[in-house]
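Some notes on the structure that comes next.
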Amino acid sequence: MAILSATDIVKYFTEPVRFQVLRGISLSVEKGEFVSIVGKSGCGKSTLLYVLSTLDTDYEGTLVIADTLLTGRDQEFLARFRGEHIGFIFQFHFLLQEFTILDNVMLPALKLGKEPQATIHTRAMDLLHRMGIAEYAHRPAKQLSGGQQQRAAIARALINQPTMVIGDEPTGNLDSENTAIVLDLLEAICHEMGQTVVIVTHDTEVAARSDRILTMADGKIVGEHRTR
Amino acid sequence: MKSSWIVYARIVGTHLRSRRRQTILSALGVTLGIAFYVAMVSFMTGVNRFLEDIMLSATPHVRLYNDVVLDSVSIAERWFGRSATVLLHHPKAAQRSRAIRNAPEIIAALRRQQDVVGVSPRVTAQMYYTQGITEIPGTLVGVDLIEENKLFALSSKVTEGTLQAVLTTDDGIMIGGGLADKLNVRVGDRIPITLPSGVRRSMTIAAVMRFGIAQIDNAQAYTTLKTVQRLLGKDRRYITDIYIKLRDRNQAPQLAALFARLYDCTAEDWQTFNATILVSFTIRNILTYAVSISMLTVAGFGIYNILTMMILEKLKDIAILKAMGFSPGDIRAIVLGQSLAIGIAGGAVGMMLGFLMSLGISRVPFRNEFLPGMEYLPVDFSPIHYIVAITFALAAAAVAGIFPARRAARIDPVAILRG
């Protein structure tokens, strides 16, 4: 069963000149799958990722995630959908620097407001334990190292038990030790927790750890490779 | 919905705490604006009320009298009708009695009125106080001293002698303080007066009064109704003015019109004969508001600046929040919340400071011989000033916050997250 399906995604950049970044991309991702998108910089892989994540709404084609048509929806709807179904991991950790690690992790769940605060707190602490940074829970984010912050960001991405986790170069800014930790965690998310992961990377070693590799060039998917 | 507000409050609190100095500075702008507003308005209102009380302590809410009128329609015109051409040169005001017709009946009728608290008849006469060869013009006012005392607290204005003495002394009068100083007379002295009719009489000064109103203190003397009626050679029905106090002084204009119609005389309300003073009150109020609003505008710009700066600094945070499921509306609420938090905090401290400043002003001793009854600067402590102040603070904060809030809500997260 496809958890994500995109059909004929076309997108133009208008700055500085009109330029077609995505040239009719169709893809579908199964539930529990770990998919990585690779390609040279400028091939449109990040652009595609932001379309798939619903943050970028300026495209043609249709996007369906978890049986919900997302094309043409308003910002309020998409914001709520993201909160419920999508967890983000970025290249530069992107935690809220003044907040504690625990607050960073809890915030998306508090915003969603589906569960009592105590439940959210317990789950956040569980996730931080899993990421091995529980001892820093009450420290402001800015006091932690890059690798620790990225692990906190993964915990934040998972707090609402999202349908999909989307990563834009999630290991791009990490040393090899932390890269290994993050990759182990991403793999565990898919294979143990049954969540779907889609990442963009240009690191072939990272891509090799995923279930399926999609190669992009000039705004098209030009290759597909299953690793297992 | 409720949980949303808790999340907003947490983000607002953390962001403001992380920029403590700027937050405090911009809140300080609001604080000063509100404090000065509260202090100035309280003081201004206190002064206005004090002056109004003084003014109303001596003036009736409605005054009935007979005005000198010029008949615009001559008798010839009335007789021949409009079709005839009547040429009349130099018409003069008719010789009409200054007395109100049927005064005793009108007084009795007024006393039965629901809206009327008190009625005081008076007879006024122009005269000269003679001291040696100098003659000082003035007015002799005959009043029902007991009734007048009930309405205008006459005994509290007496600085020398007593009200009783005026009643019990033969030809006793109570003269204004300014006049007493000018004539160099004290209680017990006799003072000759001359009426326009040529009648002369020597009066005994039984008391001295000070109202704090120059027109009264420098020119008037009070005595009994009967004394003046006798001096003028009139009977007991001769009444020139009727002073009326109302239950609600704001109804004076309507009731004055009604009385004029009912009793066929001229009726004037206190707003009309104190129009210039009331205008000066209004102008003072406008000034106060103008100064306060400009201060709050400056404070508003302070808030606007800090929010704009904060947004520029927190572009990344806003983008992350949007990615995590915060909608444009949520972002708007957060930024507006920051603005209102600054406004409320600054406003609350400002109200306290304003209260302390008002308290300080009300402790400043201020004595003036022309304003009896004033010992300290008058300050009005009514809560309405504080309610208006906090409303102003919130309005300034909301206006200052709305544009940065909309700007933050429009931020495109993709452009920022992609770097």
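Chain labels A, B, ... are given in the sequence in which chains occur in the structure tokens; within each chain residues are numbered consecutively from 1, and ligands are likewise numbered from 1 in the order shown.
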Test item: chain B residues at most 7 Å from chain A, counting only C-alpha atoms, as a PyMOL selection string: chain B and resi 3-4+7+14+18+317+320+322-328+414
With only C-alpha atoms as the counted atoms, please give the residues lying no more than 7 Å from Gly194 of chain A, apart from itself and same-chain residues fewer than 4 positions off, as a ChimeraX atom specification. /A:32,189-190
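Using only C-alpha atoms, the contacts of Thr240 of chain B at a cut-off of 7 Å, with sequence neighbours closer than 2 positions omitted, comprise Tyr65, Arg98, Ala99, Ile100, Arg122, Val123, Thr124 and Tyr238 of chain B.
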Per-residue DSSP, segment 36-188 of chain A, filtered to strand (DSSP E or B), as JSON, numbers by chain: {"A": [36, 37, 38, 39, 60, 61, 62, 63, 64, 65, 68, 69, 86, 87, 88, 89, 100, 140, 164, 165, 166, 167, 168]}
Can you write just those residues out, C-alpha atoms, as a PDB file, in the first residue's frame?
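Output saved as again.pdb:
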```pdb
ATOM      1  CA  SER A  36      16.735   8.031  -0.384  1.00  0.00           C
ATOM      2  CA  ILE A  37      16.893  10.468  -3.271  1.00  0.00           C
ATOM      3  CA  VAL A  38      20.340  11.159  -4.688  1.00  0.00           C
ATOM      4  CA  GLY A  39      21.696  13.338  -7.442  1.00  0.00           C
ATOM      5  CA  GLU A  60       1.636  21.337 -10.761  1.00  0.00           C
ATOM      6  CA  GLY A  61       0.586  17.711 -10.415  1.00  0.00           C
ATOM      7  CA  THR A  62      -0.997  15.911  -7.472  1.00  0.00           C
ATOM      8  CA  LEU A  63       0.300  14.807  -4.117  1.00  0.00           C
ATOM      9  CA  VAL A  64      -1.470  12.264  -1.895  1.00  0.00           C
ATOM     10  CA  ILE A  65      -0.150  11.226   1.519  1.00  0.00           C
ATOM     11  CA  THR A  68      -5.305  12.576   1.768  1.00  0.00           C
ATOM     12  CA  LEU A  69      -5.158  14.768  -1.322  1.00  0.00           C
ATOM     13  CA  ILE A  86       5.184  14.608   8.838  1.00  0.00           C
ATOM     14  CA  GLY A  87       8.351  14.825  10.875  1.00  0.00           C
ATOM     15  CA  PHE A  88      11.266  16.939   9.603  1.00  0.00           C
ATOM     16  CA  ILE A  89      15.005  16.503   9.934  1.00  0.00           C
ATOM     17  CA  THR A 100      15.460  23.333  26.176  1.00  0.00           C
ATOM     18  CA  PRO A 140      19.017  24.897  26.186  1.00  0.00           C
ATOM     19  CA  MET A 164       6.437   9.983   7.305  1.00  0.00           C
ATOM     20  CA  VAL A 165       9.809  11.337   8.327  1.00  0.00           C
ATOM     21  CA  ILE A 166      11.389  13.640   5.752  1.00  0.00           C
ATOM     22  CA  GLY A 167      15.088  14.442   5.907  1.00  0.00           C
ATOM     23  CA  ASP A 168      17.014  17.047   3.922  1.00  0.00           C
TER      24      ASP A 168
END
```
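The spacing separating atom CA of Ala217 of chain A from atom CA of Cys43 of chain A amounts to 4.9 Å.
Between atom CA of Ala27 of chain B and atom CA of Leu359 of chain B the interatomic distance comes to 22.8 Å.
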Can you list, as an MDAnalysis selection string, every residue of segment 41-196 of chain B that DSSP puts in alpha helix (DSSP H)? chainID B and resid 41:58 75:80 103:111 145:152 163:168 177:183
Find the spatial neighbours of Thr31 of chain B, counting only C-alpha atoms, within a cut-off of 8 Å - ignore same-chain residues fewer than 4 positions away - and output them as a list in words. Ala27, Ala35, Gly346, Gly347, Ala348, Val349, Gly350, Met351 and Leu353 of chain B
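Residues in contact with Ser197 of chain B at up to 12 Å, not including ones fewer than 5 positions away on its chain and judged by only C-alpha atoms, are Ala125, Gln126, Met127, Tyr128, Leu231, Leu232 and Gly233 of chain B.
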Please write the residues from the selection above to a file, keeping C-alpha atoms, as a PDB file, in the first residue's frame.
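Writing the result to out_25.pdb gives the following:
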```pdb
ATOM      1  CA  ALA B 125     -30.182  95.555  43.802  1.00  0.00           C
ATOM      2  CA  GLN B 126     -27.372  97.599  42.307  1.00  0.00           C
ATOM      3  CA  MET B 127     -25.816 100.071  44.726  1.00  0.00           C
ATOM      4  CA  TYR B 128     -22.707 101.944  45.779  1.00  0.00           C
ATOM      5  CA  LEU B 231     -34.785  99.327  50.455  1.00  0.00           C
ATOM      6  CA  LEU B 232     -36.318  99.102  47.002  1.00  0.00           C
ATOM      7  CA  GLY B 233     -39.707 100.043  48.341  1.00  0.00           C
TER       8      GLY B 233
END
```
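Here atom CA of Tyr129 of chain B and atom CA of Leu195 of chain B stand 9.1 Å from one another.
Nearest residue to Val197 of chain A among A:Asp218, A:Glu33, A:Asp67, A:Glu135 is A:Glu33, counting only C-alpha atoms.
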So which one's closest to Leu4 of chain A, A:Asp203, A:Gly132, A:Gln195, A:Gly24? Using only C-alpha atoms, please. A:Gln195
